[in-house]
file start.txt (compact mmCIF, N, CA, C and O atoms)
# COMPACT_ATOMS: atom_id res chain seq x y z
N MET A 1 119.81 139.35 116.19
CA MET A 1 119.62 138.24 117.10
C MET A 1 118.33 137.51 116.73
O MET A 1 117.33 138.12 116.41
N LEU A 2 118.34 136.19 116.77
CA LEU A 2 117.17 135.39 116.45
C LEU A 2 116.17 135.42 117.61
O LEU A 2 116.56 135.35 118.77
N GLN A 3 114.92 135.52 117.26
CA GLN A 3 113.88 135.50 118.28
C GLN A 3 113.31 134.10 118.39
O GLN A 3 113.13 133.41 117.40
N SER A 4 113.02 133.71 119.62
CA SER A 4 112.38 132.43 119.86
C SER A 4 110.89 132.58 119.62
O SER A 4 110.28 133.54 120.08
N ARG A 5 110.32 131.65 118.93
CA ARG A 5 108.88 131.68 118.66
C ARG A 5 108.26 130.37 119.10
O ARG A 5 108.81 129.31 118.87
N ASP A 6 107.11 130.48 119.72
CA ASP A 6 106.39 129.29 120.17
C ASP A 6 105.50 128.82 119.03
O ASP A 6 104.57 129.51 118.64
N HIS A 7 105.79 127.67 118.49
CA HIS A 7 105.00 127.11 117.39
C HIS A 7 104.00 126.11 117.97
O HIS A 7 104.22 124.91 117.98
N THR A 8 102.88 126.64 118.45
CA THR A 8 101.90 125.79 119.12
C THR A 8 101.25 124.80 118.17
O THR A 8 100.75 123.78 118.61
N ASN A 9 101.25 125.08 116.89
CA ASN A 9 100.65 124.16 115.92
C ASN A 9 101.65 123.13 115.39
O ASN A 9 101.28 122.27 114.61
N ALA A 10 102.90 123.25 115.81
CA ALA A 10 103.92 122.33 115.32
C ALA A 10 103.65 120.92 115.88
O ALA A 10 103.26 120.76 117.02
N VAL A 11 103.85 119.94 115.02
CA VAL A 11 103.71 118.55 115.45
C VAL A 11 105.12 117.96 115.46
O VAL A 11 105.73 117.75 114.42
N LEU A 12 105.63 117.73 116.66
CA LEU A 12 106.99 117.23 116.84
C LEU A 12 107.03 115.71 116.64
O LEU A 12 105.99 115.06 116.56
N PRO A 13 108.23 115.14 116.55
CA PRO A 13 108.35 113.70 116.26
C PRO A 13 107.52 112.79 117.17
O PRO A 13 106.92 111.83 116.69
N ALA A 14 107.47 113.08 118.46
CA ALA A 14 106.67 112.24 119.37
C ALA A 14 105.19 112.32 119.00
O ALA A 14 104.47 111.32 119.07
N GLY A 15 104.75 113.49 118.59
CA GLY A 15 103.36 113.65 118.16
C GLY A 15 103.08 112.91 116.87
O GLY A 15 102.03 112.28 116.72
N ILE A 16 104.03 112.96 115.95
CA ILE A 16 103.88 112.22 114.68
C ILE A 16 103.77 110.73 114.97
O ILE A 16 102.93 110.04 114.40
N ASP A 17 104.62 110.23 115.86
CA ASP A 17 104.57 108.80 116.21
C ASP A 17 103.21 108.43 116.80
O ASP A 17 102.63 107.40 116.45
N LEU A 18 102.71 109.26 117.71
CA LEU A 18 101.41 109.01 118.32
C LEU A 18 100.31 109.01 117.27
O LEU A 18 99.48 108.09 117.22
N LEU A 19 100.30 110.02 116.42
CA LEU A 19 99.27 110.11 115.38
C LEU A 19 99.34 108.95 114.40
O LEU A 19 98.31 108.40 114.00
N ASP A 20 100.56 108.55 114.03
CA ASP A 20 100.72 107.43 113.10
C ASP A 20 100.22 106.13 113.72
O ASP A 20 99.57 105.32 113.05
N THR A 21 100.50 105.93 115.00
CA THR A 21 100.04 104.72 115.69
C THR A 21 98.51 104.66 115.71
O THR A 21 97.91 103.63 115.37
N ILE A 22 97.90 105.77 116.08
CA ILE A 22 96.42 105.82 116.14
C ILE A 22 95.85 105.64 114.74
O ILE A 22 94.89 104.89 114.54
N PHE A 23 96.42 106.33 113.77
CA PHE A 23 95.97 106.24 112.38
C PHE A 23 96.02 104.80 111.88
O PHE A 23 95.04 104.28 111.33
N THR A 24 97.14 104.14 112.11
CA THR A 24 97.31 102.75 111.67
C THR A 24 96.29 101.83 112.34
O THR A 24 95.69 100.96 111.69
N GLU A 25 96.08 102.02 113.64
CA GLU A 25 95.09 101.21 114.36
C GLU A 25 93.69 101.40 113.80
O GLU A 25 92.96 100.41 113.59
N LEU A 26 93.31 102.64 113.56
CA LEU A 26 91.97 102.92 113.02
C LEU A 26 91.79 102.32 111.63
O LEU A 26 90.73 101.77 111.32
N LEU A 27 92.82 102.40 110.81
CA LEU A 27 92.73 101.82 109.46
C LEU A 27 92.62 100.30 109.53
O LEU A 27 91.81 99.70 108.80
N MET A 28 93.39 99.69 110.40
CA MET A 28 93.34 98.23 110.54
C MET A 28 91.96 97.79 111.03
O MET A 28 91.41 96.80 110.53
N GLU A 29 91.41 98.50 112.00
CA GLU A 29 90.08 98.15 112.53
C GLU A 29 89.01 98.22 111.45
O GLU A 29 88.05 97.45 111.48
N ARG A 30 89.17 99.14 110.53
CA ARG A 30 88.17 99.34 109.48
C ARG A 30 88.51 98.63 108.18
O ARG A 30 87.74 98.66 107.23
N GLY A 31 89.70 98.03 108.12
CA GLY A 31 90.12 97.35 106.91
C GLY A 31 90.34 98.30 105.75
O GLY A 31 90.07 97.95 104.60
N LEU A 32 90.85 99.51 106.05
CA LEU A 32 91.06 100.53 105.03
C LEU A 32 92.53 100.62 104.61
O LEU A 32 93.41 100.51 105.46
N PRO A 33 92.79 100.84 103.32
CA PRO A 33 94.17 101.10 102.90
C PRO A 33 94.54 102.55 103.24
O PRO A 33 93.66 103.39 103.42
N ARG A 34 95.82 102.83 103.30
CA ARG A 34 96.29 104.19 103.62
C ARG A 34 95.96 105.20 102.52
O ARG A 34 95.96 106.39 102.79
N ASP A 35 95.73 104.74 101.33
CA ASP A 35 95.57 105.66 100.20
C ASP A 35 94.13 105.81 99.73
O ASP A 35 93.88 106.01 98.55
N CYS A 36 93.18 105.74 100.65
CA CYS A 36 91.78 105.94 100.26
C CYS A 36 91.25 107.25 100.87
O CYS A 36 91.87 107.83 101.76
N GLN A 37 90.13 107.68 100.40
CA GLN A 37 89.54 108.94 100.85
C GLN A 37 89.18 108.90 102.34
O GLN A 37 89.38 109.87 103.06
N ASP A 38 88.68 107.78 102.82
CA ASP A 38 88.35 107.66 104.25
C ASP A 38 89.61 107.79 105.12
O ASP A 38 89.58 108.41 106.18
N ALA A 39 90.71 107.20 104.67
CA ALA A 39 91.97 107.29 105.40
C ALA A 39 92.46 108.74 105.43
O ALA A 39 92.95 109.22 106.46
N GLU A 40 92.31 109.43 104.33
CA GLU A 40 92.70 110.84 104.27
C GLU A 40 91.88 111.68 105.25
O GLU A 40 92.41 112.54 105.94
N PHE A 41 90.59 111.39 105.35
CA PHE A 41 89.74 112.10 106.29
C PHE A 41 90.18 111.83 107.73
O PHE A 41 90.27 112.76 108.55
N ILE A 42 90.47 110.57 108.06
CA ILE A 42 90.92 110.21 109.41
C ILE A 42 92.23 110.93 109.74
O ILE A 42 92.38 111.50 110.83
N ALA A 43 93.18 110.92 108.82
CA ALA A 43 94.47 111.59 109.05
C ALA A 43 94.28 113.08 109.26
O ALA A 43 94.85 113.67 110.19
N SER A 44 93.46 113.68 108.44
CA SER A 44 93.19 115.11 108.56
C SER A 44 92.55 115.44 109.91
O SER A 44 92.92 116.41 110.57
N ARG A 45 91.61 114.62 110.31
CA ARG A 45 90.92 114.82 111.59
C ARG A 45 91.90 114.67 112.75
O ARG A 45 91.88 115.47 113.69
N LEU A 46 92.75 113.67 112.70
CA LEU A 46 93.74 113.46 113.76
C LEU A 46 94.66 114.68 113.90
O LEU A 46 94.90 115.16 115.01
N PHE A 47 95.19 115.17 112.78
CA PHE A 47 96.08 116.33 112.84
C PHE A 47 95.36 117.56 113.36
O PHE A 47 95.90 118.32 114.16
N SER A 48 94.15 117.74 112.91
CA SER A 48 93.37 118.89 113.36
C SER A 48 93.13 118.84 114.87
O SER A 48 93.29 119.84 115.58
N LEU A 49 92.74 117.68 115.36
CA LEU A 49 92.51 117.52 116.80
C LEU A 49 93.80 117.76 117.59
O LEU A 49 93.80 118.45 118.60
N TYR A 50 94.90 117.20 117.11
CA TYR A 50 96.18 117.35 117.79
C TYR A 50 96.59 118.82 117.84
O TYR A 50 97.00 119.33 118.88
N GLN A 51 96.47 119.49 116.71
CA GLN A 51 96.85 120.90 116.65
C GLN A 51 95.92 121.79 117.48
O GLN A 51 96.33 122.86 117.90
N SER A 52 94.72 121.33 117.73
CA SER A 52 93.80 122.13 118.55
C SER A 52 94.03 121.88 120.04
O SER A 52 93.38 122.50 120.87
N GLY A 53 94.95 120.97 120.36
CA GLY A 53 95.32 120.78 121.76
C GLY A 53 94.98 119.43 122.36
O GLY A 53 95.31 119.16 123.50
N VAL A 54 94.31 118.57 121.61
CA VAL A 54 93.98 117.24 122.12
C VAL A 54 95.24 116.38 122.04
O VAL A 54 95.76 116.16 120.96
N ARG A 55 95.74 115.94 123.19
CA ARG A 55 96.97 115.15 123.23
C ARG A 55 96.76 113.77 123.83
O ARG A 55 97.63 112.92 123.73
N ASP A 56 95.63 113.55 124.46
CA ASP A 56 95.36 112.26 125.08
C ASP A 56 95.07 111.21 124.01
O ASP A 56 94.21 111.41 123.14
N ARG A 57 95.79 110.10 124.08
CA ARG A 57 95.67 109.04 123.06
C ARG A 57 94.25 108.53 122.91
O ARG A 57 93.74 108.41 121.80
N ASP A 58 93.59 108.23 124.02
CA ASP A 58 92.24 107.70 123.95
C ASP A 58 91.24 108.71 123.40
O ASP A 58 90.35 108.36 122.62
N GLU A 59 91.41 109.96 123.78
CA GLU A 59 90.52 111.01 123.26
C GLU A 59 90.73 111.21 121.77
O GLU A 59 89.77 111.37 121.02
N LEU A 60 91.99 111.21 121.34
CA LEU A 60 92.27 111.33 119.90
C LEU A 60 91.62 110.20 119.12
O LEU A 60 90.97 110.44 118.10
N ARG A 61 91.79 108.98 119.60
CA ARG A 61 91.18 107.81 118.92
C ARG A 61 89.67 107.96 118.83
O ARG A 61 89.08 107.77 117.78
N LYS A 62 89.07 108.26 119.97
CA LYS A 62 87.62 108.35 120.03
C LYS A 62 87.08 109.46 119.13
O LYS A 62 86.14 109.24 118.36
N MET A 63 87.71 110.62 119.19
CA MET A 63 87.23 111.75 118.40
C MET A 63 87.50 111.57 116.91
O MET A 63 86.66 111.94 116.09
N ALA A 64 88.64 111.00 116.56
CA ALA A 64 88.97 110.81 115.14
C ALA A 64 88.10 109.72 114.53
O ALA A 64 87.76 109.76 113.36
N ALA A 65 87.74 108.74 115.36
CA ALA A 65 86.91 107.63 114.88
C ALA A 65 85.44 108.00 114.77
O ALA A 65 84.66 107.31 114.14
N GLY A 66 85.07 109.09 115.44
CA GLY A 66 83.68 109.49 115.42
C GLY A 66 82.83 108.71 116.40
O GLY A 66 81.62 108.70 116.31
N ASP A 67 83.48 108.05 117.36
CA ASP A 67 82.74 107.28 118.38
C ASP A 67 82.15 108.19 119.42
O ASP A 67 82.60 109.21 119.74

call {"tool": "encode", "arguments": {"input": "start.txt", "output": "structure tokens"}}
result
Amino acid sequence: MLQSRDHTNAVLPAGIDLLDTIFTELLMERGLPRDCQDAEFIASRLFSLYQSGVRDRDELRKMAAGD
């Protein structure tokens, strides 16, 4: 029988959409392309924050932006 496992670090489609929206907004505000080192840092920070339990859009933006 298969066991159910809680994947607390999993990022589901709604989370991906939220992170992508925030990521795109931050890049546009800074005039950064998606394929630069700064963009990679922002994306990494967003995923890390989300996986650590931060789900509020404004908090994610603020923390990922370093504001």

call {"tool": "residues_around", "arguments": {"input": "start.txt", "residues": "range 23-28 of chain A", "least_positions_apart": "4", "cutoff": "7 Å", "atoms": "all atoms listed in the file", "output": "PDB file with N, CA, C and O atoms, in the coordinates of the input"}}
result
ATOM      1  N   ASP A  17     104.620 110.230 115.860  1.00  0.00           N
ATOM      2  CA  ASP A  17     104.570 108.800 116.210  1.00  0.00           C
ATOM      3  C   ASP A  17     103.210 108.430 116.800  1.00  0.00           C
ATOM      4  O   ASP A  17     102.630 107.400 116.450  1.00  0.00           O
ATOM      5  N   LEU A  18     102.710 109.260 117.710  1.00  0.00           N
ATOM      6  CA  LEU A  18     101.410 109.010 118.320  1.00  0.00           C
ATOM      7  C   LEU A  18     100.310 109.010 117.270  1.00  0.00           C
ATOM      8  O   LEU A  18      99.480 108.090 117.220  1.00  0.00           O
ATOM      9  N   LEU A  19     100.300 110.020 116.420  1.00  0.00           N
ATOM     10  CA  LEU A  19      99.270 110.110 115.380  1.00  0.00           C
ATOM     11  C   LEU A  19      99.340 108.950 114.400  1.00  0.00           C
ATOM     12  O   LEU A  19      98.310 108.400 114.000  1.00  0.00           O
ATOM     13  N   LEU A  32      90.850  99.510 106.050  1.00  0.00           N
ATOM     14  CA  LEU A  32      91.060 100.530 105.030  1.00  0.00           C
ATOM     15  C   LEU A  32      92.530 100.620 104.610  1.00  0.00           C
ATOM     16  O   LEU A  32      93.410 100.510 105.460  1.00  0.00           O
ATOM     17  N   PRO A  33      92.790 100.840 103.320  1.00  0.00           N
ATOM     18  CA  PRO A  33      94.170 101.100 102.900  1.00  0.00           C
ATOM     19  C   PRO A  33      94.540 102.550 103.240  1.00  0.00           C
ATOM     20  O   PRO A  33      93.660 103.390 103.420  1.00  0.00           O
ATOM     21  N   ARG A  34      95.820 102.830 103.300  1.00  0.00           N
ATOM     22  CA  ARG A  34      96.290 104.190 103.620  1.00  0.00           C
ATOM     23  C   ARG A  34      95.960 105.200 102.520  1.00  0.00           C
ATOM     24  O   ARG A  34      95.960 106.390 102.790  1.00  0.00           O
ATOM     25  N   ALA A  39      90.710 107.200 104.670  1.00  0.00           N
ATOM     26  CA  ALA A  39      91.970 107.290 105.400  1.00  0.00           C
ATOM     27  C   ALA A  39      92.460 108.740 105.430  1.00  0.00           C
ATOM     28  O   ALA A  39      92.950 109.220 106.460  1.00  0.00           O
ATOM     29  N   ILE A  42      90.470 110.570 108.060  1.00  0.00           N
ATOM     30  CA  ILE A  42      90.920 110.210 109.410  1.00  0.00           C
ATOM     31  C   ILE A  42      92.230 110.930 109.740  1.00  0.00           C
ATOM     32  O   ILE A  42      92.380 111.500 110.830  1.00  0.00           O
ATOM     33  N   ALA A  43      93.180 110.920 108.820  1.00  0.00           N
ATOM     34  CA  ALA A  43      94.470 111.590 109.050  1.00  0.00           C
ATOM     35  C   ALA A  43      94.280 113.080 109.260  1.00  0.00           C
ATOM     36  O   ALA A  43      94.850 113.670 110.190  1.00  0.00           O
TER      37      ALA A  43
END

call {"tool": "atom_distance", "arguments": {"input": "start.txt", "atom1": "CA of Val11 in chain A", "atom2": "atom N of Glu29 in chain A"}}
result
23.8 Å

call {"tool": "closest_residue", "arguments": {"input": "start.txt", "among": "A:Ile16, A:Ile22, A:Ala10, A:Cys36", "to": "Ala65 in chain A", "atoms": "only C-alpha atoms"}}
result
A:Ile22

call {"tool": "atom_distance", "arguments": {"input": "start.txt", "atom1": "atom O of Arg30 in chain A", "atom2": "atom O of Pro13 in chain A"}}
result
25.1 Å

call {"tool": "atom_distance", "arguments": {"input": "start.txt", "atom1": "atom N of Tyr50 in chain A", "atom2": "atom O of Met63 in chain A"}}
result
9.8 Å

call {"tool": "residues_around", "arguments": {"input": "start.txt", "residues": "Leu46 in chain A", "least_positions_apart": "5", "cutoff": "7 Å", "atoms": "all atoms listed in the file", "output": "PyMOL selection string"}}
result
chain A and resi 19+40-41+51-52+54+60+64

call {"tool": "decode", "arguments": {"input": "start.txt", "residues": "range 14-35 of chain A", "atoms": "N, CA, C and O atoms", "output": "JSON list (two decimals), in the first residue's frame"}}
result
[["chain", "number", "residue", "atom", "x", "y", "z"],
["A", 14, "ALA", "N", 0.11, 26.85, -7.84],
["A", 14, "ALA", "CA", -0.29, 28.18, -7.37],
["A", 14, "ALA", "C", 0.91, 28.93, -6.79],
["A", 14, "ALA", "O", 1.05, 30.14, -6.97],
["A", 15, "GLY", "N", 1.78, 28.20, -6.12],
["A", 15, "GLY", "CA", 2.99, 28.81, -5.57],
["A", 15, "GLY", "C", 3.94, 29.25, -6.67],
["A", 15, "GLY", "O", 4.54, 30.33, -6.59],
["A", 16, "ILE", "N", 4.07, 28.42, -7.69],
["A", 16, "ILE", "CA", 4.92, 28.77, -8.84],
["A", 16, "ILE", "C", 4.40, 30.05, -9.50],
["A", 16, "ILE", "O", 5.18, 30.95, -9.82],
["A", 17, "ASP", "N", 3.09, 30.14, -9.68],
["A", 17, "ASP", "CA", 2.50, 31.34, -10.28],
["A", 17, "ASP", "C", 2.79, 32.58, -9.43],
["A", 17, "ASP", "O", 3.16, 33.63, -9.97],
["A", 18, "LEU", "N", 2.62, 32.45, -8.12],
["A", 18, "LEU", "CA", 2.90, 33.57, -7.22],
["A", 18, "LEU", "C", 4.36, 33.99, -7.30],
["A", 18, "LEU", "O", 4.68, 35.17, -7.46],
["A", 19, "LEU", "N", 5.26, 33.02, -7.24],
["A", 19, "LEU", "CA", 6.70, 33.33, -7.29],
["A", 19, "LEU", "C", 7.09, 33.94, -8.62],
["A", 19, "LEU", "O", 7.88, 34.89, -8.66],
["A", 20, "ASP", "N", 6.52, 33.43, -9.71],
["A", 20, "ASP", "CA", 6.84, 33.97, -11.03],
["A", 20, "ASP", "C", 6.36, 35.41, -11.16],
["A", 20, "ASP", "O", 7.06, 36.26, -11.72],
["A", 21, "THR", "N", 5.18, 35.70, -10.64],
["A", 21, "THR", "CA", 4.64, 37.06, -10.69],
["A", 21, "THR", "C", 5.55, 38.02, -9.93],
["A", 21, "THR", "O", 5.91, 39.09, -10.44],
["A", 22, "ILE", "N", 5.92, 37.64, -8.72],
["A", 22, "ILE", "CA", 6.79, 38.49, -7.90],
["A", 22, "ILE", "C", 8.15, 38.65, -8.58],
["A", 22, "ILE", "O", 8.70, 39.75, -8.65],
["A", 23, "PHE", "N", 8.70, 37.55, -9.06],
["A", 23, "PHE", "CA", 10.00, 37.56, -9.74],
["A", 23, "PHE", "C", 9.98, 38.52, -10.92],
["A", 23, "PHE", "O", 10.86, 39.37, -11.07],
["A", 24, "THR", "N", 8.95, 38.41, -11.76],
["A", 24, "THR", "CA", 8.83, 39.26, -12.94],
["A", 24, "THR", "C", 8.72, 40.73, -12.54],
["A", 24, "THR", "O", 9.36, 41.60, -13.16],
["A", 25, "GLU", "N", 7.93, 41.02, -11.52],
["A", 25, "GLU", "CA", 7.78, 42.40, -11.05],
["A", 25, "GLU", "C", 9.11, 42.97, -10.57],
["A", 25, "GLU", "O", 9.47, 44.11, -10.90],
["A", 26, "LEU", "N", 9.84, 42.19, -9.78],
["A", 26, "LEU", "CA", 11.13, 42.66, -9.25],
["A", 26, "LEU", "C", 12.13, 42.90, -10.38],
["A", 26, "LEU", "O", 12.87, 43.88, -10.35],
["A", 27, "LEU", "N", 12.14, 42.02, -11.37],
["A", 27, "LEU", "CA", 13.06, 42.21, -12.50],
["A", 27, "LEU", "C", 12.70, 43.45, -13.30],
["A", 27, "LEU", "O", 13.59, 44.22, -13.69],
["A", 28, "MET", "N", 11.41, 43.66, -13.53],
["A", 28, "MET", "CA", 10.98, 44.84, -14.28],
["A", 28, "MET", "C", 11.34, 46.12, -13.53],
["A", 28, "MET", "O", 11.80, 47.08, -14.14],
["A", 29, "GLU", "N", 11.13, 46.13, -12.22],
["A", 29, "GLU", "CA", 11.45, 47.32, -11.42],
["A", 29, "GLU", "C", 12.93, 47.66, -11.49],
["A", 29, "GLU", "O", 13.31, 48.83, -11.44],
["A", 30, "ARG", "N", 13.76, 46.64, -11.60],
["A", 30, "ARG", "CA", 15.21, 46.84, -11.61],
["A", 30, "ARG", "C", 15.80, 46.88, -13.01],
["A", 30, "ARG", "O", 16.99, 47.10, -13.18],
["A", 31, "GLY", "N", 14.97, 46.61, -14.02],
["A", 31, "GLY", "CA", 15.45, 46.60, -15.39],
["A", 31, "GLY", "C", 16.43, 45.46, -15.65],
["A", 31, "GLY", "O", 17.36, 45.62, -16.43],
["A", 32, "LEU", "N", 16.19, 44.30, -15.01],
["A", 32, "LEU", "CA", 17.09, 43.15, -15.15],
["A", 32, "LEU", "C", 16.52, 42.11, -16.11],
["A", 32, "LEU", "O", 15.31, 41.86, -16.10],
["A", 33, "PRO", "N", 17.38, 41.48, -16.91],
["A", 33, "PRO", "CA", 16.92, 40.36, -17.73],
["A", 33, "PRO", "C", 16.80, 39.11, -16.85],
["A", 33, "PRO", "O", 17.41, 39.03, -15.78],
["A", 34, "ARG", "N", 16.04, 38.13, -17.31],
["A", 34, "ARG", "CA", 15.86, 36.89, -16.54],
["A", 34, "ARG", "C", 17.13, 36.05, -16.45],
["A", 34, "ARG", "O", 17.23, 35.21, -15.57],
["A", 35, "ASP", "N", 18.06, 36.27, -17.34],
["A", 35, "ASP", "CA", 19.23, 35.39, -17.41],
["A", 35, "ASP", "C", 20.51, 36.04, -16.87],
["A", 35, "ASP", "O", 21.59, 35.75, -17.35]]
